[in-house]
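Peer 1: Next up is a structure, given as structure tokens.
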Amino acid sequence: MTEQVLTVKIDGKTLSCKPGQSIIEVADQNGIFIPRFCYHKSLSVVASCRMCLVEVERAPKALPACATPVADGMVIKSQSKIARQAQKAVMEFLLINHPLDCPICDQGGECELQDLSMGYGQSESSFYQSKRAVKDEDLGPLIATNMTRCIHCTRCVRFGREIAGTPELGAVGRGGHMEIGTFLKQGVQSEVSGNMIDLCPVGALTSKPFKYQGRSWGFGSHSHMSAHDCLGSHLSVHTQVTNVGKEQRLMRVLPKESHHVNGTWLSDRDRFSYTANEQNRILKPMFKKQGNWIEVSWQEALTLAAKKLSELKMGQGQLLLSPSVSTEEGYMAMKLAVHLGLETCFSMLKQDLKDQFSGVGVSQITMHDVKQAKNIVMIGSNPKVHQPILGLAIRQAQLAGAKVEHLTASGLTLNYQATQLIAHPRLWVNHLLSHAQSQNIAFEGIKSVNTEVGWGQVDLWVLGEGVLMHPQGSEIRSLVSQMVQATGAKLLILTEGSNTAGLSIVAKELDVNLSDRPYLQKIGIHSEAIWLHQTHPEFDIPFNETIYHQLKKSFVVATSSFWSDQMKEYADLVLPIASHYETSGTQVNVMGHVQSYQAALMPLGESRPAWKVFKVLGQLLGKTDFSEIEALSDIQQLMKLSVLSHAGYDYKVDQLRPANQVSLLNISAKHPMACDAQVRHAEPLQNTMDQLRVRISEQTLQSLDIHSRKTVVLFSGAFSEVLLDISHDIADGCIEFVGDYRELAGSWLQEIELGNGA
Amino acid sequence: MSSQIIHERLASAIDQWVNKFPKGEQKSATLMALRLVQEEYRWLEQPHLDAVAEYLKLPKIDVYEVASFYSMYQHQPVGKHLVKVCTSLSCCLNGAYGVVEYLEGKLNIQCGQTTKDGRITLQETECLAACAGAPAICVDDKFYHENVTAQTIEKMIRPLIEEGA
Amino acid sequence: MSQLNQVCYRGIEREDSYTLAAYQAIGGYSAWRKILEEKTDRNQIIEVIKASGLKGRGGAGFSTGLKWSFVDKNNPKQKFLVCNSDEGEPGTCKDTLILSKNPHQLLEGMAICAYVMGATKAYNYMRGEFFLQYQRCEQALNDAISAGLLGKNCLGTGVDVEIFNILGAGSYIVGEETAMLESLEGKRAQPRYKPPFPAVSGLYGMPTIINNTETLASVPVILEKGAEWFAQLGTKGSGGTKIFCVSGHVNQPGVFEVPMGIAFSELLEMAGGVRKGRKLKAVIPGGTSMRILSANKTLSMRMDYEDIAKMGSALGSGGVIIMDDSTCMVQALCHMMRFYEEESCGQCTPCREGSGWVYKILKDMVSGKARPDAVEQLYTVAKKIEGRTICAFGEAISWPVTSFIDTFREEFDYIVANQGKSWVESQVAGAHARAFGWHAKDNRDAS
Ligand SMILES: Cc1cc2nc3c(=O)[nH]c(=O)nc-3n(C[C@H](O)[C@H](O)[C@H](O)COP(=O)(O)O)c2cc1C
Ligand code: SF4
Ligand code: FES
């Protein structure tokens with residue numbers, strides 16, 4: 001069937017369009033600007049602001065362009081007397097209750113109302129009565145409100161309902177007394193709330209961290225990528241040259257539209273992590289001499305690092321590499337590690353690395369596939385929290401009719417409808433086998449099981465952090481991938497950090513000696529020296545006292561942007577590294593989308609881009625191939641990123657290992673607001689967390705002989721007494737931390753002990 | 001939480017309204033659920049609204065939005081009985097403001113206030129669809145009194161003041 | 001005198017008119033029974049309704065037969081019928097009597113309409129204060145269901161018509177048809193932009209017809225007595241009878257179901273004439289949202305859609321408000337505009353902001369704080385609202401304001417020039433600035 005084409009005329013231009021399009025869509029596509037406030041292409045149409053009124057021939061009155069569908073032969077005039085009069089009238093009505101406090105408003109300079117009032121407003125208003133004043137609400141640490149400026153376009157309300165799926169804002173009261181708010185001081189909890197700031201056409205909702213920081217017209221804008229989840233949203237990073245000299249400052253981060261990843265949206269974590277950029281930074285090379293930190297020159301520091309690392313005997317040291325560094329940086333680091341004979345580990349969570357080399361990093365799937373899926377099964381995954389942009393896509397699929405099912409150890413608060421099968425992780429493999437059985441998928445050597453799941457014909461599998469850290473993670477990956485091969489379904493294996501995919505590609509390229517056993521043991525038993533690149537083990541890996549002591553014993557070289565308190569204890573030499581936003585490089589997201597970006601500003605203090613540091617280190621170690629690398633592009637040429645041939649998961653398990661039998665399992669995934677050092681230093685994000693509580697079922701409490709109802713005592717980690725949250729929504733034999741459990745980050749899927757509290 | 005506010009009797013009353021609407025459209029019963037809760041507790045406070053949201057499985061803001069839109073919901077403490085005088089045009093042409101003044105004097109309160117003994121709250125209301133019986137008064141959002149005179153007002157409020165304890 | 005109460009109010013003089021027995025005694029449910037027995041062709045019924053000239057009695061006056069034909073009865077989706085018993089228009093109190101005294105006739109009309117459009121579910125949405133009316137309707141519904149006339153499998157014919165009585169919670173705008181749909185969905189009553197029209201996407205997104213109570217209650221009688229009979233009761237473009245609610249400054253206010261086209265003077269006479277022998281000053285012929293007419297325009301006016309339109313107003317809901325020469329027009333308008341400011345749903349900019357602005361200017365006028373150009377300003381602000389909102393509430397603000405000023409300009413100028421002093425007070429004997437007098441003993445006897 002060929003698609004029908006209509007012809008309309010807008011402002012004298014003859015345009016072809018499709019049936020069902022609105023006048024404003026056609027105008028936008030053809031570069032004709034019709035003023036608007038309530039209309040936004042990603043939201044439903046309400047036609048309430050009335051700013052887009054246009055004249056349509058033969059219509060008795062002006063019609064809203066946003067809500068009027070085109071018809072063949074329609075003649076539309078957006079500039080005629082009728083249209084202009086209507087637009088001017090609406091503008092006047094909008095301004096009578098608007099405070100017109102542009103000089104002190106953060107939206108100044110990029111306010112849609114201000115812009116339009118230049119073209120459609122009058123210089124003088126005939127309204128002399130007193131204006132409406134509206135009380136403000138505290139919406140939390142990210143969004144600043146000034147509701148007197150609100151023009152009731154309800155974009156924020158519709159965003160919450162339609163996109164975020166967390167209806168928190170609403171219109172309360174009616175008529176001229178209508179206000180936008182949460183009504184009863186609930187604050188907003190959405191993980192993507194910052195988008196409301198972008199959507200608000202006026203200065204009613206603005207960025208709290210950015211409040212009074214500057215005027216947008218002085219900003220430089222740079223394309224960049226976020227580094228906090230495996231999707232990697234596209235960013236527009238704004239910087240400003242300060243008056244004092246040439247120094248640049250990171251001002252704010254906004255989404256950059258991208259069809260393969262984030263559309264027009266951005267998660268709060270990606271939007272506000274920039275606030276960390278000047279916090280607790282390592283500004284100079286430092287060396288710990290007899291317990292005291294002293295500044296050293298780059299020259300001294302590099303020489304010392306080279307000396308210490310080269311003294312290692314083969315196989316006696318390890319490089320712990322953040323999975324969120326650029327591919328170029330990772331390539332150089334791993335190349336050095338190969339030369340030095342260090343083992344490399346960039347997988348921070350994995351308990352089981354049997355299948356590490358099978359190309360886990362890249363899934364053969366696009367965002368479009370996710371949105372089109374019809375029956376989605378998600379195992380150990382909660383993208384709303386860990387990969388918010390994926391969460392929005394799953395929600396979109398669900399709204400379009402997809403069935404979504406979760407296999408999880410504890411009930412998830414979701415923004416879409418889904419069935420949740422709550423089961424202890426040790427039963428997950430069983431559930432998968434049972435599903436395979438129901439779908440007649442045979443596995444060699446695996447006996448039948450008698451649990452039942454009703455998932456039906458699955459067309460998209462998503463494996464999340466619960467599988468990454470699962471003791472039988474390889475088994476789960478293997479079983480699912482075999483089913484995927486048998487059924488033609490899609491598979492998305494979510495990975496840690498933002499660049500596991502890129503790093504695994506170059507690791508394979510370089511034939512890196514990747515750690516094939518839990519590195520916990522590695523560190524504990526072997527390491528003479530440890531090289532930490534952009535990681536803080538106390539937050540980034542399952543951590544305990546033994547590791548801490550081992551770290552203190554080893555010679556620790558840290559190449560890092562941020563300090564941590566414990567680092568000052570265990571590290572011996574620190575080299576200041578440019579932060580993510582100060583770095584140019586390339587990332588590959590979990591869907592194989594390759595994206596390069598340029599540094600948005602100069603490195604702070606004496607910090608340097610990591611690849612340059614590693615190059616010099618290589619040269620100092622006498623490796624000639626390092627001296628050939630002069631620029632970032634040289635690395636890019638070497639690393640052959642385009643070769644993604646090994647993508648796709650082909651690991652096959654031949655025997656199931658028995659599930660781990662522990663009496664009480666901590667199932668908390670790494671805290672999303674503690675995912676990397678940048679996020680951990682972003683104060684506004686850190687302030688979004690609730691108080692720490694521990695979720696546990698009544699049954700489990702009884703079986704542990706715990707009778708307290710308010711708190712329990714925790715025998716590991718930094719907390720002793722923790723609030724109890726007795727829930728029927730969690731598998732027996734498990735506990736989960738909720739709220740602010742950053743400090744407990746290192747205990748994923750481990751045994752944990754509790755005692756009686758209050 | 002919700003079960004304390006929406007006890008069994010209220011729940012079954014709300015369910016009757018839920019059942020008037022298609023399956024899955026229990027949101028449609030929000031207006032009546034709020035009214036039934038208000039009849040029970042006289043005015044609506046946040047826990048009442050939250051209880052309705054929880055009972056009907058709705059986001060809280062949905063219930064707040066509705067509760068703040070319709071004018072029959074009371075958000076401040078009110079007396080045991082509501083006396084609402086229509087002050088729309090037809091009633092006004094027939095002296096509705098005289099009625100208001102008379103009642104204010106009689107009850108010794110201003111319009112919008114509640115008598116000291118907490119029995120009667122006096123409010124104005126918009127057109128009650130009793131224009132041919134102007135001036136009109138509506139008691140407890142249910143009972144109309146039309147063509148009111150001082151005498152009929154006396155008769156009307158006596159039981160409101162005296163009934164029960 | 002014209003014959004009263006032939007259609008919607010037939011039989012209501014009986015004490016027990018609301019019972020099933022009384023209704024059936026005057027032929028009630030015979031049209032419905034006939035349809036069920038004969039499985040009458042739906043299009044045939046639509047043709048009858050079209051031929052009868054029945055127009056919507058809710059205010060807009062749209063041809064009912066035509067509206068019914070918009071729903072594709074073969075559409076497999078669930079369809080809905082909604083009866084608009086909100087009766088919120090100030091000056092209107094007609095549907096209330098149908099609900100309390102003749103509920104069966106409404107139910108029968110709803111059943112027929114539901115049958116025609118293929119809806120198995122129908123809602124009768126009454127305003128929140130109509131508690132007693134609701135009880136009457138519930139009783140009638142239960143009796144009709146017990147008699148097998150309504151509900152599932154009506155009279156064993158396999159036809160399902162489930163009717164539900166619903167109560168609102170206090171809102172004028174909910175009377176606007178799409179706002180009513182929102183309200184039925186449990187939301188704020190904010191009108192929807194059309195298109196899509198309810199016949200395509202209405203309640204829960206399904207095809208829906210919304211008709212006023214009086215419209216639907218007329219249907220059984222039309223089918224019983226024929227389109228011809230109904231049409232000839234009224235005038236050429238306005239078939240049938242219409243209920244007029246005469247209120248304000250008359251001796252015997254009341255509701256009168258009379259043939260369309262009756263002379264205004266006759267209607268006024270039925271209501272006992274202007275009270276205390278005062279002079280007629282102005283008439284709002286169709287609820288406060290319609291334009292006001294000066295007395296001289298009403299002298300020879302006939303009460304039908306065409307003639308009232310010719311005079312510059314509209315028949316609207318049939319709420320006829322009479323004002324005598326003691327009425328201060330600025331006060332009256334100020335009063336009306338308080339209502340509109342209060343009741344705007346708030347979504348459209350011109351209505352939300354304009355309703356408040358208009359009311360503020362009027363309050364300033366009445367309290368003597370208005371600026372010299374206030375009348376001009378009031379007029380332009382009102383004009384700027386018209387035609388620029390989602391629903392007709394915008395016009396409901398604009399029309400009264402502009403027509404009051406057009407007709408009684410001198411009163412507005414006077415009050416502005418005299419710091420809030422009313423023109424009537426100085427010019428008309430016995431007039432109060434607050435022409436809204438009430439005597440504690442007898443409100444008809446204001447002094
Ligand atoms: C602001 C506004 C208020 C209205 N209020 C009512 C009302 O109270 N009752 C009513 O039947 N129609 C009311 N209407 C008209 C309805 O929108 C609709 O036209 C009518 O119910 C259709 O029924 P009908 O065709 O039988 O007249 C109102 C319209 C507007 C714009
Ligand atoms: S015109 Fe007024 S009442 Fe109608 S939809 Fe717009 S804001 Fe609401
Ligand atoms: S943009 Fe069209 S009405 Fe708001």
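Residue numbering restarts at 1 for every chain of the structure tokens, chains are lettered A, B, ... in their displayed order, and ligands are numbered from 1 as they appear.
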Could you list, as an MDAnalysis selection string, all residues that come within 8 Å of ligand 3? Count only C-alpha atoms and all ligand atoms.
Peer 2: chainID A and resid 35:40 45:53 64:67 153
Peer 1: Using C-alpha atoms, can you write the selected residues to a file as a tab-separated table (two decimals), in the first residue's frame?
Peer 2:
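What ended up in out31.tsv:
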chain	number	residue	atom	x	y	z
A	35	PRO	CA	4.50	29.90	18.53
A	36	ARG	CA	3.56	27.35	21.20
A	37	PHE	CA	3.79	26.61	24.89
A	38	CYS	CA	1.84	23.49	25.73
A	39	TYR	CA	2.78	21.54	22.62
A	40	HIS	CA	5.85	19.32	22.77
A	45	VAL	CA	-1.48	17.21	22.76
A	46	VAL	CA	-3.75	19.20	25.09
A	47	ALA	CA	-4.25	22.37	23.05
A	48	SER	CA	-4.73	24.45	26.16
A	49	CYS	CA	-2.27	27.32	26.02
A	50	ARG	CA	-3.87	28.62	22.81
A	51	MET	CA	-0.64	30.24	21.69
A	52	CYS	CA	-0.55	28.36	18.41
A	53	LEU	CA	-3.84	29.69	17.06
A	64	PRO	CA	-4.87	25.55	17.44
A	65	ALA	CA	-2.16	24.33	15.07
A	66	CYS	CA	-1.02	21.71	17.57
A	67	ALA	CA	-4.35	19.91	17.65
A	153	CYS	CA	1.23	24.55	30.09
Peer 1: Can you pull out every residue within 12 Å of Asp115 (chain A), counting only C-alpha atoms, but drop anything in the same chain fewer than 3 positions away, and send it as a ChimeraX atom specification?
Peer 2: /A:35-37,91,102,107-112,118-121,201-202
Peer 1: Save out the residues we just selected, N, CA, C and O atoms, as a short mmCIF file (atom, residue, chain, number, x, y, z; two decimals), in the first residue's frame.
Peer 2:
data_model
loop_
_atom_site.label_atom_id
_atom_site.label_comp_id
_atom_site.auth_asym_id
_atom_site.auth_seq_id
_atom_site.Cartn_x
_atom_site.Cartn_y
_atom_site.Cartn_z
N PRO A 35 4.21 29.83 17.09
CA PRO A 35 4.50 29.90 18.53
C PRO A 35 3.70 28.85 19.30
O PRO A 35 2.60 28.49 18.89
N ARG A 36 4.24 28.37 20.40
CA ARG A 36 3.56 27.35 21.20
C ARG A 36 4.12 27.33 22.61
O ARG A 36 5.26 27.72 22.83
N PHE A 37 3.31 26.87 23.53
CA PHE A 37 3.79 26.61 24.89
C PHE A 37 3.45 25.20 25.35
O PHE A 37 4.28 24.49 25.86
N MET A 91 -0.90 35.97 24.39
CA MET A 91 0.32 36.44 25.03
C MET A 91 -0.01 37.44 26.13
O MET A 91 0.55 37.39 27.23
N CYS A 102 12.41 38.73 34.77
CA CYS A 102 13.45 38.15 33.93
C CYS A 102 14.87 38.43 34.41
O CYS A 102 15.73 37.55 34.33
N GLN A 107 15.97 31.34 33.88
CA GLN A 107 15.55 30.98 32.53
C GLN A 107 15.88 32.12 31.56
O GLN A 107 15.82 31.94 30.36
N GLY A 108 16.19 33.28 32.12
CA GLY A 108 16.44 34.46 31.30
C GLY A 108 17.38 34.15 30.16
O GLY A 108 18.43 33.53 30.36
N GLY A 109 17.02 34.56 28.97
CA GLY A 109 17.88 34.30 27.83
C GLY A 109 17.50 33.04 27.11
O GLY A 109 17.84 32.86 25.95
N GLU A 110 16.83 32.11 27.76
CA GLU A 110 16.37 30.92 27.06
C GLU A 110 14.96 30.58 27.47
O GLU A 110 14.59 29.43 27.63
N CYS A 111 14.18 31.64 27.67
CA CYS A 111 12.80 31.47 28.12
C CYS A 111 11.90 31.59 26.90
O CYS A 111 11.97 32.56 26.16
N GLU A 112 11.06 30.60 26.71
CA GLU A 112 10.18 30.64 25.55
C GLU A 112 9.17 31.78 25.66
O GLU A 112 8.77 32.38 24.68
N MET A 118 8.67 39.01 22.85
CA MET A 118 9.32 40.00 22.00
C MET A 118 8.53 40.14 20.69
O MET A 118 8.31 41.22 20.18
N GLY A 119 8.12 38.99 20.17
CA GLY A 119 7.44 39.01 18.88
C GLY A 119 5.94 39.23 18.98
O GLY A 119 5.33 39.77 18.07
N TYR A 120 5.33 38.80 20.07
CA TYR A 120 3.88 38.81 20.13
C TYR A 120 3.31 39.66 21.25
O TYR A 120 2.11 39.83 21.36
N GLY A 121 4.18 40.14 22.10
CA GLY A 121 3.67 40.89 23.24
C GLY A 121 3.52 42.36 22.90
O GLY A 121 3.88 42.83 21.83
N PRO A 201 8.74 25.81 29.84
CA PRO A 201 9.10 26.87 28.89
C PRO A 201 9.50 28.18 29.58
O PRO A 201 10.06 29.05 28.96
N VAL A 202 9.16 28.29 30.86
CA VAL A 202 9.50 29.50 31.60
C VAL A 202 10.41 29.14 32.77
O VAL A 202 10.91 28.03 32.85
#
Peer 1: Can you tell me which residues sit at most 7 Å away from ligand 2, counting only C-alpha atoms and all ligand atoms, written as JSON, numbers by chain?
Peer 2: {"A": [48, 175], "C": [173, 190, 191, 192, 344, 345, 346, 347, 348, 349, 351, 352, 389, 390, 391, 392, 393, 394]}
Peer 1: Counting only C-alpha atoms, which residues from chain A have an atom at most 7 Å from any atom of chain B, and could you show them as a JSON list (two decimals) with C-alpha atoms, in the first residue's frame?
Peer 2:
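Now in part11.json:
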[["chain", "number", "residue", "atom", "x", "y", "z"],
["A", 167, "PRO", "CA", 2.68, 10.89, 38.25],
["A", 168, "GLU", "CA", 3.86, 13.15, 41.03],
["A", 169, "LEU", "CA", 3.07, 16.59, 39.73],
["A", 170, "GLY", "CA", -0.47, 17.56, 38.94],
["A", 171, "ALA", "CA", -2.80, 20.48, 38.51],
["A", 172, "VAL", "CA", -4.56, 21.27, 41.74],
["A", 173, "GLY", "CA", -7.36, 23.72, 42.27],
["A", 174, "ARG", "CA", -9.18, 25.08, 39.29],
["A", 182, "THR", "CA", 2.54, 17.85, 44.23],
["A", 183, "PHE", "CA", -0.27, 19.20, 46.40]]
Peer 1: Could you check how far CA of Gln240 (chain A) sits from CA of Pro603 (chain A), in Å to one decimal?
Peer 2: 14.0 Å
Peer 1: Taking only C-alpha atoms into account, what are the residues of chain C at most 10 Å from chain A, put as a PyMOL selection string?
Peer 2: chain C and resi 171+188-196+340-357+360-361+364+371+373-374+377+380-381+383-390
